[in-house]
>>> print(open('run-v1.cif').read())   # mmCIF, C-alpha atoms and all ligand atoms
data_input
loop_
_atom_site.label_atom_id
_atom_site.label_comp_id
_atom_site.auth_asym_id
_atom_site.auth_seq_id
_atom_site.Cartn_x
_atom_site.Cartn_y
_atom_site.Cartn_z
CA MET Y 1 -17.18 8.18 15.88
CA ARG Y 2 -14.88 9.98 18.27
CA ASN Y 3 -12.12 12.29 17.18
CA VAL Y 4 -9.46 12.42 19.85
CA MET Y 5 -7.08 15.30 19.42
CA ALA Y 6 -4.47 14.35 22.03
CA THR Y 7 -1.16 16.17 21.81
CA PRO Y 8 1.31 13.87 20.10
CA SER Y 9 4.78 13.33 21.56
CA SER Y 10 6.37 14.94 18.54
CA SER Y 11 5.27 17.25 15.77
CA ALA Y 12 4.31 16.42 12.19
CA PRO Y 13 7.29 15.68 9.94
CA THR Y 14 6.05 18.13 7.27
CA ASP Y 15 2.83 19.56 5.95
CA ALA Y 16 3.26 17.09 3.10
CA TYR Y 17 -0.40 16.15 3.25
CA ALA Y 18 -1.87 19.63 2.68
CA PRO Y 19 -2.44 18.77 -1.02
CA GLY Y 20 -3.39 15.26 0.14
CA LEU Y 21 -6.57 16.69 1.64
CA ASP Y 22 -7.90 17.53 -1.84
CA HIS Y 23 -6.60 14.21 -3.15
CA TYR Y 24 -8.32 12.06 -0.54
CA ALA Y 25 -11.59 13.95 -1.04
CA SER Y 26 -11.37 13.72 -4.86
CA ARG Y 27 -13.48 11.20 -6.75
CA HIS Y 28 -10.76 11.05 -9.45
CA ARG Y 29 -8.46 9.29 -6.96
CA ARG Y 30 -10.29 6.02 -7.58
CA ASP Y 31 -9.31 5.50 -11.20
CA ALA Y 32 -9.68 2.17 -13.03
CA VAL Y 33 -6.18 1.10 -12.04
CA LYS Y 34 -6.93 1.70 -8.38
CA THR Y 35 -10.19 -0.24 -8.42
CA LEU Y 36 -9.23 -3.07 -10.81
CA TRP Y 37 -5.47 -3.47 -10.32
CA GLU Y 38 -4.60 -2.18 -6.84
CA GLU Y 39 -7.61 -2.75 -4.60
CA PRO Y 40 -7.82 -6.49 -5.40
CA VAL Y 41 -4.23 -6.80 -4.13
CA THR Y 42 -5.10 -4.71 -1.06
CA PHE Y 43 -8.10 -6.97 -0.45
CA SER Y 44 -5.86 -10.06 -0.75
CA ILE Y 45 -3.53 -8.53 1.84
CA LEU Y 46 -6.45 -7.79 4.17
CA GLN Y 47 -7.86 -11.26 3.64
CA ALA Y 48 -4.47 -12.84 4.38
CA ALA Y 49 -4.34 -10.78 7.59
CA LEU Y 50 -7.92 -11.55 8.66
CA SER Y 51 -7.44 -15.27 8.04
CA GLN Y 52 -4.76 -15.20 10.75
CA VAL Y 53 -6.83 -13.37 13.38
CA PRO Y 54 -8.56 -15.66 15.92
CA LYS Y 55 -12.20 -16.21 14.87
CA SER Y 56 -14.54 -13.95 16.81
CA THR Y 57 -17.67 -11.88 16.37
CA SER Y 58 -15.61 -8.72 16.89
CA LEU Y 59 -12.41 -7.36 15.40
CA SER Y 60 -10.34 -4.63 17.04
CA VAL Y 61 -8.23 -2.64 14.59
CA MET Y 62 -5.44 -0.12 15.14
CA ASP Y 63 -4.85 1.70 11.82
CA ILE Y 64 -1.36 3.17 12.02
CA GLY Y 65 -0.92 6.31 9.89
CA CYS Y 66 -4.65 6.18 9.16
CA GLY Y 67 -4.89 9.51 7.28
CA ALA Y 68 -8.52 10.05 6.36
CA GLY Y 69 -9.52 6.56 7.54
CA GLU Y 70 -8.92 4.61 4.33
CA GLY Y 71 -8.21 1.43 6.34
CA LEU Y 72 -11.72 1.45 7.78
CA HIS Y 73 -13.21 2.08 4.36
CA LEU Y 74 -11.19 -0.84 2.92
CA LEU Y 75 -12.21 -3.25 5.67
CA ARG Y 76 -15.86 -2.44 5.09
CA ALA Y 77 -15.42 -2.63 1.29
CA LEU Y 78 -13.72 -6.03 1.63
CA HIS Y 79 -16.79 -7.38 3.33
CA ALA Y 80 -19.03 -5.87 0.66
CA THR Y 81 -17.01 -7.00 -2.38
CA ARG Y 82 -16.10 -10.49 -1.21
CA ALA Y 83 -19.58 -10.99 0.23
CA LEU Y 84 -18.15 -12.34 3.46
CA THR Y 85 -21.04 -13.70 5.41
CA GLU Y 86 -19.62 -13.56 8.91
CA LEU Y 87 -19.12 -9.87 9.41
CA PRO Y 88 -17.33 -9.20 12.68
CA ARG Y 89 -18.17 -6.03 14.55
CA ILE Y 90 -15.23 -3.72 13.93
CA THR Y 91 -13.90 -1.47 16.66
CA TYR Y 92 -11.46 0.82 14.94
CA ARG Y 93 -8.86 3.27 16.20
CA GLY Y 94 -6.86 5.36 13.73
CA LEU Y 95 -3.62 7.13 14.64
CA ASP Y 96 -2.11 9.92 12.56
CA LEU Y 97 -0.05 13.09 12.89
CA ASP Y 98 -1.90 15.12 10.31
CA GLU Y 99 -4.75 17.13 11.83
CA GLY Y 100 -6.25 18.06 8.46
CA LEU Y 101 -6.57 14.40 7.41
CA LEU Y 102 -7.94 13.47 10.84
CA ARG Y 103 -10.64 16.13 10.45
CA LEU Y 104 -11.50 14.68 7.02
CA ALA Y 105 -11.60 11.21 8.63
CA ALA Y 106 -13.99 12.55 11.27
CA ARG Y 107 -16.29 14.03 8.60
CA THR Y 108 -16.17 10.85 6.48
CA HIS Y 109 -16.79 8.36 9.29
CA HIS Y 110 -19.03 10.49 11.54
CA GLU Y 111 -21.84 7.94 11.55
CA GLU Y 112 -19.70 5.05 12.75
CA ASP Y 113 -19.95 4.62 16.50
CA ASP Y 114 -17.00 2.30 16.86
CA ALA Y 115 -14.43 4.46 15.09
CA GLU Y 116 -12.00 6.73 16.93
CA PHE Y 117 -9.30 8.88 15.40
CA TRP Y 118 -6.31 9.76 17.52
CA HIS Y 119 -3.77 12.47 16.91
CA GLY Y 120 -0.37 10.93 17.58
CA ASP Y 121 3.01 9.86 16.28
CA ILE Y 122 3.72 6.28 15.21
CA ARG Y 123 7.18 6.65 16.73
CA ALA Y 124 5.99 7.43 20.23
CA ASP Y 125 2.26 7.09 20.71
CA LEU Y 126 1.38 3.49 19.87
CA PRO Y 127 -1.14 2.38 22.48
CA GLU Y 128 -0.48 -0.56 24.77
CA ASP Y 129 -4.04 -1.96 24.53
CA HIS Y 130 -4.76 -5.17 22.68
CA PHE Y 131 -5.67 -5.06 18.99
CA ASP Y 132 -6.40 -8.04 16.75
CA LEU Y 133 -5.08 -6.20 13.73
CA TYR Y 134 -2.35 -3.54 13.54
CA LEU Y 135 -3.18 -2.29 10.07
CA SER Y 136 -1.35 0.12 7.80
CA CYS Y 137 -2.10 1.12 4.23
CA GLY Y 138 -0.89 3.89 1.92
CA VAL Y 139 2.76 3.38 3.01
CA PRO Y 140 2.78 5.42 6.27
CA TYR Y 141 5.76 3.46 7.64
CA SER Y 142 7.93 4.72 4.76
CA HIS Y 143 7.96 8.13 6.45
CA LEU Y 144 10.14 6.56 9.17
CA THR Y 145 13.85 5.87 8.93
CA ALA Y 146 14.87 2.19 9.11
CA GLU Y 147 15.81 2.64 12.79
CA GLU Y 148 12.49 4.34 13.58
CA LEU Y 149 10.54 1.58 11.85
CA GLN Y 150 12.38 -1.08 13.81
CA ALA Y 151 11.65 0.81 17.06
CA ALA Y 152 7.95 1.24 16.19
CA LEU Y 153 7.55 -2.42 15.29
CA THR Y 154 9.34 -3.37 18.50
CA GLN Y 155 6.58 -1.51 20.36
CA VAL Y 156 3.93 -3.54 18.52
CA PHE Y 157 5.66 -6.86 19.27
CA ALA Y 158 6.08 -5.81 22.91
CA ALA Y 159 2.39 -4.89 23.24
CA VAL Y 160 1.25 -8.24 21.83
CA ARG Y 161 3.67 -10.05 24.12
CA ARG Y 162 2.45 -8.12 27.16
CA ASN Y 163 -1.18 -8.79 26.25
CA ARG Y 164 -0.45 -12.51 25.57
CA THR Y 165 -2.59 -12.51 22.44
CA ARG Y 166 -2.43 -13.45 18.80
CA SER Y 167 -2.42 -10.38 16.56
CA VAL Y 168 -1.64 -9.60 12.96
CA LEU Y 169 0.58 -6.75 11.85
CA VAL Y 170 0.45 -5.30 8.33
CA VAL Y 171 3.54 -3.26 7.41
CA ASP Y 172 2.94 -1.22 4.26
CA VAL Y 173 5.95 0.57 2.72
CA LEU Y 174 7.23 1.87 -0.62
CA GLY Y 175 8.98 -0.71 -2.83
CA ARG Y 176 12.67 -0.06 -3.34
CA TYR Y 177 12.85 -1.54 -6.85
CA SER Y 178 9.81 0.04 -8.47
CA LEU Y 179 10.18 0.90 -12.16
CA GLU Y 180 8.86 4.34 -11.20
CA TRP Y 181 12.23 5.33 -9.68
CA VAL Y 182 14.98 3.20 -11.26
CA SER Y 183 17.60 5.98 -10.94
CA ARG Y 184 17.05 6.00 -7.14
CA TRP Y 185 17.49 2.24 -6.62
CA ASP Y 186 20.96 2.72 -5.17
CA ARG Y 187 19.54 4.60 -2.14
CA ALA Y 188 17.15 3.38 0.56
CA ARG Y 189 15.97 6.85 1.67
CA TRP Y 190 15.53 9.87 -0.57
CA PRO Y 191 13.32 12.95 -1.04
CA TYR Y 192 10.02 11.74 -2.50
CA ARG Y 193 7.26 13.88 -3.92
CA MET Y 194 3.58 12.90 -4.05
CA SER Y 195 3.08 14.89 -7.23
CA PHE Y 196 0.24 12.55 -8.23
CA PHE Y 197 -2.08 14.13 -5.66
CA GLN Y 198 -5.30 15.39 -7.25
CA SER Y 199 -4.79 18.94 -5.99
CA SER Y 200 -4.03 22.41 -7.24
CA GLN Y 201 -1.52 22.80 -4.39
CA GLU Y 202 2.03 21.80 -5.21
CA ALA Y 203 3.41 18.70 -3.49
CA ARG Y 204 6.67 19.07 -1.53
CA ASP Y 205 9.66 16.77 -1.13
CA VAL Y 206 9.43 14.44 1.86
CA PRO Y 207 12.18 11.99 2.92
CA MET Y 208 10.88 8.44 2.54
CA THR Y 209 12.43 5.00 3.07
CA PHE Y 210 12.14 2.35 0.36
CA TRP Y 211 12.22 -1.36 1.11
CA ASP Y 212 12.96 -4.65 -0.57
CA ALA Y 213 11.94 -8.05 0.79
CA GLY Y 214 15.25 -8.86 2.50
CA GLY Y 215 15.53 -5.49 4.24
CA LEU Y 216 11.94 -5.52 5.45
CA ARG Y 217 12.14 -9.11 6.70
CA ASP Y 218 15.37 -8.31 8.60
CA CYS Y 219 13.79 -5.20 10.17
CA ILE Y 220 10.71 -7.14 11.31
CA ARG Y 221 12.82 -10.06 12.59
CA GLN Y 222 15.02 -7.67 14.60
CA ALA Y 223 11.97 -5.89 16.06
CA ALA Y 224 10.57 -9.26 17.16
CA ARG Y 225 13.92 -10.16 18.70
CA ASN Y 226 14.12 -6.82 20.56
CA ALA Y 227 10.76 -7.49 22.18
CA GLY Y 228 11.37 -11.20 22.74
CA GLY Y 229 8.40 -11.74 20.43
CA ARG Y 230 7.51 -14.62 18.14
CA ILE Y 231 6.66 -14.46 14.45
CA ALA Y 232 4.29 -17.33 13.68
CA ARG Y 233 3.92 -16.52 9.97
CA GLN Y 234 4.97 -13.89 7.46
CA GLN Y 235 3.83 -13.17 3.89
CA LEU Y 236 4.95 -10.42 1.52
CA PHE Y 237 2.98 -8.79 -1.32
CA ASP Y 238 3.94 -6.38 -4.12
CA ARG Y 239 1.30 -3.94 -5.31
CA SER Y 240 1.24 -1.90 -8.54
CA ILE Y 241 4.28 -3.07 -10.44
CA MET Y 242 3.66 -1.75 -13.98
CA VAL Y 243 1.07 0.90 -13.18
CA GLY Y 244 2.24 2.82 -10.08
CA ARG Y 245 1.05 6.44 -9.89
CA HIS Y 246 4.49 7.80 -10.79
CA THR Y 247 4.39 6.05 -14.17
CA ALA Y 248 1.78 8.72 -14.99
CA THR Y 249 3.78 11.66 -13.59
CA GLY Y 250 7.19 10.59 -14.92
CA GLN Y 251 8.53 12.41 -11.84
CA PHE Y 252 11.42 10.03 -11.14
CA ASN Y 253 11.70 8.10 -14.42
CA SER Y 254 10.84 10.24 -17.43
CA ARG Y 255 11.92 7.44 -19.82
CA LEU Y 256 9.16 5.09 -18.66
CA ALA Y 257 5.95 4.92 -20.72
CA PRO Y 258 2.96 6.41 -18.85
CA TYR Y 259 1.56 2.94 -18.18
CA ARG Y 260 -1.03 4.03 -15.63
CA THR Y 261 -2.51 6.62 -18.00
CA LEU Y 262 -2.51 4.15 -20.91
CA VAL Y 263 -3.98 1.29 -18.88
CA ASN Y 264 -6.69 3.60 -17.52
CA LEU Y 265 -7.59 4.50 -21.11
CA LEU Y 266 -7.62 0.80 -22.12
CA GLU Y 267 -9.77 -0.15 -19.13
CA ASP Y 268 -12.15 2.71 -19.99
CA GLY Y 269 -12.47 1.46 -23.59
CA ALA Y 270 -10.57 4.30 -25.27
CA ALA Y 271 -8.34 3.58 -28.28
CA VAL Y 272 -4.68 3.01 -27.31
CA ALA Y 273 -1.81 1.95 -29.59
CA LEU Y 274 -0.71 -1.36 -28.09
CA ASP Y 275 2.93 -0.71 -29.02
CA ASP Y 276 2.94 2.22 -26.55
CA LEU Y 277 2.28 -0.29 -23.78
CA ARG Y 278 5.30 -2.50 -24.44
CA ALA Y 279 7.44 -3.29 -21.41
CA PRO Y 280 10.78 -1.46 -21.13
CA ALA Y 281 14.18 -3.17 -21.21
CA VAL Y 282 15.05 -4.88 -17.93
CA PRO Y 283 17.02 -2.28 -15.90
CA GLU Y 284 20.66 -3.32 -15.68
CA GLN Y 285 20.99 -1.99 -12.16
CA ALA Y 286 18.47 -4.54 -10.84
CA PRO Y 287 19.89 -7.06 -8.35
CA PRO Y 288 19.82 -10.64 -9.75
CA VAL Y 289 16.56 -11.76 -8.14
CA GLN Y 290 14.70 -8.62 -9.18
CA ARG Y 291 16.26 -8.80 -12.66
CA ALA Y 292 15.02 -12.36 -13.12
CA PHE Y 293 11.57 -11.25 -11.97
CA PHE Y 294 11.36 -8.29 -14.37
CA SER Y 295 12.58 -10.43 -17.23
CA GLN Y 296 9.77 -12.94 -16.66
CA LEU Y 297 7.15 -10.22 -16.12
CA PHE Y 298 8.11 -8.24 -19.23
CA THR Y 299 8.10 -11.36 -21.42
CA GLN Y 300 4.60 -12.32 -20.30
CA TRP Y 301 3.36 -8.71 -20.54
CA ASN Y 302 4.63 -8.36 -24.11
CA ASP Y 303 3.19 -11.79 -24.99
CA VAL Y 304 -0.29 -10.46 -24.11
CA LEU Y 305 0.25 -7.44 -26.38
CA ASP Y 306 1.66 -9.60 -29.19
CA ALA Y 307 -1.25 -12.01 -28.99
CA ALA Y 308 -3.77 -9.16 -29.04
CA GLY Y 309 -1.99 -7.45 -31.95
CA ALA Y 310 -1.81 -10.69 -33.95
CA SER Y 311 -5.42 -11.66 -33.36
CA ASP Y 312 -7.77 -10.57 -36.16
CA ARG Y 313 -10.68 -11.13 -33.82
CA VAL Y 314 -9.31 -8.71 -31.19
CA ARG Y 315 -8.22 -6.15 -33.79
CA ARG Y 316 -11.69 -6.05 -35.30
CA LEU Y 317 -13.33 -5.40 -31.93
CA PRO Y 318 -14.28 -1.81 -31.10
CA ALA Y 319 -11.88 -0.21 -28.56
CA ALA Y 320 -14.68 -0.20 -25.99
CA VAL Y 321 -14.62 -4.02 -25.98
CA GLY Y 322 -11.07 -4.87 -27.09
CA GLY Y 323 -9.32 -2.43 -24.73
CA PRO Y 324 -10.74 -3.86 -21.50
CA MET Y 325 -10.01 -7.40 -22.83
CA VAL Y 326 -6.33 -6.59 -23.36
CA ALA Y 327 -6.20 -4.76 -20.02
CA ARG Y 328 -7.62 -7.84 -18.31
CA GLY Y 329 -4.81 -9.95 -19.82
CA LEU Y 330 -2.13 -7.52 -18.67
CA ARG Y 331 -3.71 -7.29 -15.24
CA ALA Y 332 -3.72 -11.07 -14.92
CA VAL Y 333 0.03 -11.15 -15.66
CA GLU Y 334 0.78 -8.52 -12.99
CA HIS Y 335 -1.46 -10.19 -10.40
CA ARG Y 336 -0.07 -13.66 -11.11
CA LEU Y 337 3.55 -12.52 -10.80
CA SER Y 338 3.69 -10.53 -7.54
CA PRO Y 339 6.39 -12.24 -5.52
CA GLY Y 340 6.70 -9.71 -2.66
CA LEU Y 341 10.21 -8.61 -3.59
CA GLY Y 342 9.85 -4.83 -3.33
CA VAL Y 343 9.38 -4.49 -7.12
CA GLY Y 344 6.08 -2.61 -6.98
CA HIS Y 345 4.99 0.85 -5.87
CA SER Y 346 4.38 -0.67 -2.46
CA LEU Y 347 5.43 -3.71 -0.49
CA SER Y 348 3.31 -5.15 2.32
CA ALA Y 349 4.26 -7.65 4.98
CA VAL Y 350 1.53 -9.55 6.81
CA VAL Y 351 3.02 -10.77 10.07
CA THR Y 352 1.27 -13.10 12.50
CA ILE Y 353 2.43 -12.66 16.09
CA ASP Y 354 1.31 -15.37 18.48
CA GLU Y 355 2.02 -14.84 22.17
CA ARG Y 356 -0.83 -16.94 23.61
CA ALA Y 357 -0.04 -19.52 26.27
C1 LIG Z 401 0.02 8.26 2.21
S1 LIG Z 401 -0.76 8.57 3.74
C2 LIG Z 401 -1.76 7.13 3.96
C3 LIG Z 401 -2.98 7.42 4.76
C4 LIG Z 401 -4.00 6.29 4.84
N1 LIG Z 401 -3.49 5.17 5.58
C5 LIG Z 401 -4.42 5.85 3.45
O1 LIG Z 401 -4.21 4.69 3.08
O2 LIG Z 401 -4.99 6.67 2.72
C6 LIG Z 401 0.49 8.33 5.01
C7 LIG Z 401 0.01 8.81 6.35
O3 LIG Z 401 1.03 8.59 7.33
C8 LIG Z 401 0.95 9.66 8.27
N2 LIG Z 401 2.20 9.75 9.03
C9 LIG Z 401 3.44 10.00 8.56
N3 LIG Z 401 4.34 9.99 9.56
C10 LIG Z 401 3.65 9.71 10.70
C11 LIG Z 401 3.99 9.55 12.05
N4 LIG Z 401 5.27 9.67 12.46
N5 LIG Z 401 3.03 9.28 12.96
C12 LIG Z 401 1.72 9.17 12.56
N6 LIG Z 401 1.33 9.29 11.28
C13 LIG Z 401 2.27 9.56 10.35
C14 LIG Z 401 0.69 10.87 7.42
O4 LIG Z 401 0.19 11.96 8.15
C15 LIG Z 401 -0.30 10.30 6.40
O5 LIG Z 401 -1.63 10.45 6.83
#
>>> encode(input="run-v1.cif", output="structure tokens")
Amino acid sequence: MRNVMATPSSSAPTDAYAPGLDHYASRHRRDAVKTLWEEPVTFSILQAALSQVPKSTSLSVMDIGCGAGEGLHLLRALHATRALTELPRITYRGLDLDEGLLRLAARTHHEEDDAEFWHGDIRADLPEDHFDLYLSCGVPYSHLTAEELQAALTQVFAAVRRNRTRSVLVVDVLGRYSLEWVSRWDRARWPYRMSFFQSSQEARDVPMTFWDAGGLRDCIRQAARNAGGRIARQQLFDRSIMVGRHTATGQFNSRLAPYRTLVNLLEDGAAVALDDLRAPAVPEQAPPVQRAFFSQLFTQWNDVLDAAGASDRVRRLPAAVGGPMVARGLRAVEHRLSPGLGVGHSLSAVVTIDERA
């Protein structure tokens, strides 16, 4: 592992990640929702990306906004959990502005020879070298304005074009139409607070940009056009629709039930009143496509609760058995209905760029 503390072209936007240091080091961060609801979606995103990378015994990865190196951890975990037999040798470079998180990354990944962490700014310091995978996770691109994101993605398209390769780009951002912040749906950029961090330090407001499918597709298409690049394939994924971390804080929607807390209890086999888990009314401010989606999701979600409540067999089960069974049903509904519309906590685009020949 090499930690490269180059001077970035611009300074950190805020010290927003000071409490994040405790959070990323905390074992409580990986709650049941993260491991059973969110990581499977993350793994599907990674798998979709890796299936597009040319087959090889090695995989070069640029993790943009890498923080403490979660992308590297996820890639390794993907291989472990999905028991992939052909494990490519990963050469990994992380780029981030936050020195504290980079130091944590260095401590966490110190035994991995092929990992480097670079101090730099997404907006100015993207390297020109070839990478098979331009990864992002944990919504780093949402720190950028729409114009900055388009400019950064233009740099990626330009690098792939210059290198005449096939590469995959994962763009991970916050979803505009998450239930966690219904009252903010009318704005694309607003002061966000990561008050879910597992830390005694108070989180501060940070301006973040929120994306729906149309906006993100347009931004990516324009970036490709700017660089004269070619999009060979594009897929979008929603992650954490009913159970985003701000359902537990109530920070931006105090009327929403604390679904994440309740689902964590269910998954852990604690007793939960199923009525507390019922879906809310479909928000009237939702655009038509998102409204139709929520209507379908909420119907199927409530059907699972109704079926569990009506079933003598389930009601007689101890909470330790019945709870996880109901949670599994709810989880299946969320995983089945994730259309990549920007209706979850995060929205990810997997973009295949092919500039060979
Ligand atoms: C929520 S964290 C995600 C970190 C990591 N990818 C993960 O999944 O845990 C977002 C990261 O983006 C980084 N970031 C924000 N703006 C940046 C910029 N302009 N250049 C580089 N990194 C940036 C932050 O420092 C932070 O580490």
>>> residues_near_ligand(input="run-v1.cif", ligand="ligand LIG 401 (chain Z)", cutoff="8 Å", atoms="only C-alpha atoms and all ligand atoms", output="PDB file with C-alpha atoms, keeping the file's coordinate frame")
ATOM      1  CA  ALA Y  12       4.310  16.420  12.190  1.00  0.00           C
ATOM      2  CA  PRO Y  13       7.290  15.680   9.940  1.00  0.00           C
ATOM      3  CA  ALA Y  16       3.260  17.090   3.100  1.00  0.00           C
ATOM      4  CA  TYR Y  17      -0.400  16.150   3.250  1.00  0.00           C
ATOM      5  CA  TYR Y  24      -8.320  12.060  -0.540  1.00  0.00           C
ATOM      6  CA  ASP Y  63      -4.850   1.700  11.820  1.00  0.00           C
ATOM      7  CA  ILE Y  64      -1.360   3.170  12.020  1.00  0.00           C
ATOM      8  CA  GLY Y  65      -0.920   6.310   9.890  1.00  0.00           C
ATOM      9  CA  CYS Y  66      -4.650   6.180   9.160  1.00  0.00           C
ATOM     10  CA  GLY Y  67      -4.890   9.510   7.280  1.00  0.00           C
ATOM     11  CA  ALA Y  68      -8.520  10.050   6.360  1.00  0.00           C
ATOM     12  CA  GLY Y  69      -9.520   6.560   7.540  1.00  0.00           C
ATOM     13  CA  GLU Y  70      -8.920   4.610   4.330  1.00  0.00           C
ATOM     14  CA  GLY Y  71      -8.210   1.430   6.340  1.00  0.00           C
ATOM     15  CA  LEU Y  95      -3.620   7.130  14.640  1.00  0.00           C
ATOM     16  CA  ASP Y  96      -2.110   9.920  12.560  1.00  0.00           C
ATOM     17  CA  LEU Y  97      -0.050  13.090  12.890  1.00  0.00           C
ATOM     18  CA  ASP Y  98      -1.900  15.120  10.310  1.00  0.00           C
ATOM     19  CA  LEU Y 101      -6.570  14.400   7.410  1.00  0.00           C
ATOM     20  CA  HIS Y 119      -3.770  12.470  16.910  1.00  0.00           C
ATOM     21  CA  GLY Y 120      -0.370  10.930  17.580  1.00  0.00           C
ATOM     22  CA  ASP Y 121       3.010   9.860  16.280  1.00  0.00           C
ATOM     23  CA  ILE Y 122       3.720   6.280  15.210  1.00  0.00           C
ATOM     24  CA  ARG Y 123       7.180   6.650  16.730  1.00  0.00           C
ATOM     25  CA  SER Y 136      -1.350   0.120   7.800  1.00  0.00           C
ATOM     26  CA  CYS Y 137      -2.100   1.120   4.230  1.00  0.00           C
ATOM     27  CA  GLY Y 138      -0.890   3.890   1.920  1.00  0.00           C
ATOM     28  CA  VAL Y 139       2.760   3.380   3.010  1.00  0.00           C
ATOM     29  CA  PRO Y 140       2.780   5.420   6.270  1.00  0.00           C
ATOM     30  CA  TYR Y 141       5.760   3.460   7.640  1.00  0.00           C
ATOM     31  CA  SER Y 142       7.930   4.720   4.760  1.00  0.00           C
ATOM     32  CA  HIS Y 143       7.960   8.130   6.450  1.00  0.00           C
ATOM     33  CA  LEU Y 144      10.140   6.560   9.170  1.00  0.00           C
TER      34      LEU Y 144
END
>>> atom_distance(input="run-v1.cif", atom1="CA of Asp172 in chain Y", atom2="CA of Glu147 in chain Y")
15.9 Å
>>> atom_distance(input="run-v1.cif", atom1="CA of Gly344 in chain Y", atom2="CA of Asp212 in chain Y")
9.6 Å
>>> atom_distance(input="run-v1.cif", atom1="CA of Gln155 in chain Y", atom2="CA of Val170 in chain Y")
14.0 Å
>>> closest_residue(input="run-v1.cif", among="Y:Ala224, Y:Ile90, Y:Ala271, Y:Leu317", to="Ala115 in chain Y", atoms="all atoms listed in the file")
Y:Ile90
>>> residues_around(input="run-v1.cif", residues="Asp354 in chain Y", least_positions_apart="5", cutoff="12 Å", atoms="all atoms listed in the file", output="list in words")
Gln52, Val53, Pro54, Asp132, Phe157, Ala158, Ala159, Val160, Arg161, Arg162, Asn163, Arg164, Thr165, Arg166, Ser167, Val168, Leu169, Ala224, Gly228, Gly229, Arg230, Ile231, Ala232, Arg233 and Gln234 of chain Y
>>> residues_around(input="run-v1.cif", residues="Leu216 in chain Y", least_positions_apart="3", cutoff="10 Å", atoms="only C-alpha atoms", output="list in words")
Ala146, Leu149, Gln150, Val171, Val173, Phe210, Trp211, Asp212, Ala213, Cys219, Ile220, Arg221, Gln222, Leu236, Leu341, Gly342, Leu347, Ser348 and Ala349 of chain Y
>>> axis_aligned_box(input="run-v1.cif", around="range 180-191 of chain Y", padding_each_side="4 Å", output="AutoDock Vina command-line options")
--center_x 14.9 --center_y 7.6 --center_z -4.8 --size_x 20.1 --size_y 18.7 --size_z 20.9
>>> closest_atom_pairs(input="run-v1.cif", of="range 100-189 of chain Y", to="range 248-266 of chain Y", cutoff="12 Å", atoms="all atoms listed in the file", output="tab-separated table")
residue	atom	partner	partner_atom	distance
Y:Ser178	CA	Y:Asn253	CA	10.2
Y:Leu179	CA	Y:Asn253	CA	7.7
Y:Glu180	CA	Y:Asn253	CA	5.7
Y:Trp181	CA	Y:Phe252	CA	5.0
Y:Val182	CA	Y:Asn253	CA	6.7
Y:Ser183	CA	Y:Asn253	CA	7.2
Y:Arg184	CA	Y:Phe252	CA	8.0
Y:Trp185	CA	Y:Phe252	CA	10.9
>>> residues_around(input="run-v1.cif", residues="Leu330 in chain Y", least_positions_apart="3", cutoff="6 Å", atoms="all atoms listed in the file", output="CSV table (one decimal) with C-alpha atoms, in the frame of the given file")
chain,number,residue,atom,x,y,z
Y,301,TRP,CA,3.4,-8.7,-20.5
Y,327,ALA,CA,-6.2,-4.8,-20.0
Y,333,VAL,CA,0.0,-11.2,-15.7
>>> closest_residue(input="run-v1.cif", among="Y:Val61, Y:Met208, Y:Leu277, Y:Ile353", to="Leu133 in chain Y", atoms="all atoms listed in the file")
Y:Val61
>>> residues_around(input="run-v1.cif", residues="Ala319 in chain Y", least_positions_apart="3", cutoff="12 Å", atoms="all atoms listed in the file", output="compact mmCIF listing (two decimals) with C-alpha atoms, keeping the file's coordinate frame")
# COMPACT_ATOMS: atom_id res chain seq x y z
CA LEU Y 265 -7.59 4.50 -21.11
CA LEU Y 266 -7.62 0.80 -22.12
CA GLU Y 267 -9.77 -0.15 -19.13
CA ASP Y 268 -12.15 2.71 -19.99
CA GLY Y 269 -12.47 1.46 -23.59
CA ALA Y 270 -10.57 4.30 -25.27
CA ALA Y 271 -8.34 3.58 -28.28
CA VAL Y 272 -4.68 3.01 -27.31
CA ALA Y 273 -1.81 1.95 -29.59
CA LEU Y 274 -0.71 -1.36 -28.09
CA VAL Y 314 -9.31 -8.71 -31.19
CA ARG Y 315 -8.22 -6.15 -33.79
CA ARG Y 316 -11.69 -6.05 -35.30
CA GLY Y 322 -11.07 -4.87 -27.09
CA GLY Y 323 -9.32 -2.43 -24.73
CA PRO Y 324 -10.74 -3.86 -21.50
CA MET Y 325 -10.01 -7.40 -22.83
CA VAL Y 326 -6.33 -6.59 -23.36
CA ALA Y 327 -6.20 -4.76 -20.02
